[in-house]
Amino acid sequence: AQMGEMISMIAHQWRQPLGSIATVLMSIKLKSTLNKFDFSTEEGKMQHKAFLETSVDKMDGYVRYLTTTIDDFRNFFKPEQECELTTVNDMVQNTLSIIGKSLEIHSIQLHVNNTSQTPVLTYGKKITQVLMNIIKNAHDAILEHKIENGTIWLNAYENEGSFIVEIEDNAGGIKPDIMVKIFDPYFSTKNEKNGTGLGLYMSKMIIEQHCHGTLSVENTTVGVKFTITFKGESPRAAS
């Protein structure tokens, strides 16, 4: 279910670098076909060498990015997830390492305001999954509604021993008849290729059953805001 919900995110992550590799290869092929370099002169040979070196360096960078993405997802979906000492900042950065490139490609701004600095013993990778599900939904809603200056705000802070993360977008909000069903399993406003209808259901289960918290949603003046509240484990309980 997790892989099904995230497969479109992997596609987003890979589409741009794969497209860039194809563009570089097409450029090499085009210049070769059109005989753009004069191999009868030393200058032409040097230009050809410099062009190939630059092209190879670009493709090497794209391939390394794809490899890193594979590792990110492989680690993220390991089933044997346990409590770990982490911070809200670490969880946010881990989320952005996976979805950040897709936000950048689609010119969606993400503004992060985090005042939480306290280390917390919790299921960090599971909370990262929740953050990613919510940001991915905001990402998709902004694209679906063709929002100009698409923006997501992430506000994190601590209050009376709880960790709170608020994620808001400017995609216009959710209709009331949909709002009451949004955490139901297999309910989705996306088409079949973009979602399983399990992302928010799983997110709510993770926060409520594993992290002693709550996940709520409300409309704002510009869009929708999800609020995650959770507490850490005691060292004895975690062991």
# chains A, B, ... in the order shown; residues from 1 in each chain; ligands from 1
call {"tool": "residues_around", "arguments": {"residues": "range 214-219 of chain A", "least_positions_apart": "3", "cutoff": "8 Å", "atoms": "only C-alpha atoms", "output": "number ranges by chain"}}
result
A: 173-174, 203-204, 207-208, 222-230
call {"tool": "closest_residue", "arguments": {"among": "A:Leu200, A:Ser116, A:Ile105, A:Trp153", "to": "Gln129 in chain A", "atoms": "only C-alpha atoms"}}
result
A:Leu200
call {"tool": "select_by_dssp", "arguments": {"residues": "range 73-233 of chain A", "states": "strand (DSSP E or B)", "output": "ChimeraX atom specification"}}
result
/A:84-86,109-114,120-122,151-159,162-169,214-219,224-230
call {"tool": "write_last_selection", "arguments": {"atoms": "C-alpha atoms", "output": "mmCIF file, in the first residue's frame"}}
result
data_model
loop_
_atom_site.group_PDB
_atom_site.id
_atom_site.type_symbol
_atom_site.label_atom_id
_atom_site.label_comp_id
_atom_site.auth_asym_id
_atom_site.auth_seq_id
_atom_site.Cartn_x
_atom_site.Cartn_y
_atom_site.Cartn_z
ATOM 1 C CA GLU A 84 14.846 6.300 17.056
ATOM 2 C CA LEU A 85 16.133 9.471 18.635
ATOM 3 C CA THR A 86 15.499 12.164 16.071
ATOM 4 C CA GLN A 109 7.437 26.987 -3.028
ATOM 5 C CA LEU A 110 7.828 25.286 0.344
ATOM 6 C CA HIS A 111 8.294 27.612 3.310
ATOM 7 C CA VAL A 112 9.529 25.878 6.470
ATOM 8 C CA ASN A 113 9.319 27.546 9.887
ATOM 9 C CA ASN A 114 10.556 25.175 12.589
ATOM 10 C CA VAL A 120 12.458 13.029 20.481
ATOM 11 C CA LEU A 121 12.342 9.241 20.727
ATOM 12 C CA THR A 122 9.719 8.218 18.184
ATOM 13 C CA THR A 151 2.872 27.428 -2.073
ATOM 14 C CA ILE A 152 3.094 25.025 0.866
ATOM 15 C CA TRP A 153 3.794 26.198 4.404
ATOM 16 C CA LEU A 154 5.219 23.879 7.049
ATOM 17 C CA ASN A 155 5.120 25.247 10.581
ATOM 18 C CA ALA A 156 6.601 23.126 13.399
ATOM 19 C CA TYR A 157 6.812 23.898 17.112
ATOM 20 C CA GLU A 158 6.488 22.404 20.593
ATOM 21 C CA ASN A 159 3.683 22.971 23.080
ATOM 22 C CA SER A 162 3.864 17.774 22.360
ATOM 23 C CA PHE A 163 5.402 18.199 18.933
ATOM 24 C CA ILE A 164 3.156 19.932 16.424
ATOM 25 C CA VAL A 165 3.594 20.140 12.656
ATOM 26 C CA GLU A 166 1.147 22.148 10.539
ATOM 27 C CA ILE A 167 1.143 21.815 6.740
ATOM 28 C CA GLU A 168 -0.962 24.269 4.739
ATOM 29 C CA ASP A 169 -1.326 24.840 0.994
ATOM 30 C CA THR A 214 -3.665 13.105 16.408
ATOM 31 C CA LEU A 215 -3.976 14.075 12.764
ATOM 32 C CA SER A 216 -6.627 16.655 11.899
ATOM 33 C CA VAL A 217 -7.595 18.721 8.874
ATOM 34 C CA GLU A 218 -9.363 22.040 8.331
ATOM 35 C CA ASN A 219 -9.922 24.543 5.561
ATOM 36 C CA VAL A 224 -6.329 23.252 3.556
ATOM 37 C CA LYS A 225 -4.223 22.715 6.675
ATOM 38 C CA PHE A 226 -3.266 19.390 8.244
ATOM 39 C CA THR A 227 -2.121 19.406 11.863
ATOM 40 C CA ILE A 228 0.021 16.580 13.248
ATOM 41 C CA THR A 229 0.429 16.354 17.022
ATOM 42 C CA PHE A 230 2.532 13.643 18.657
#
call {"tool": "atom_distance", "arguments": {"atom1": "CA of Lys29 in chain A", "atom2": "CA of Asp60 in chain A"}}
result
17.5 Å
call {"tool": "closest_residue", "arguments": {"among": "A:Ser55, A:Gln47, A:Ser40, A:Asn137", "to": "Thr23 in chain A", "atoms": "only C-alpha atoms"}}
result
A:Ser55
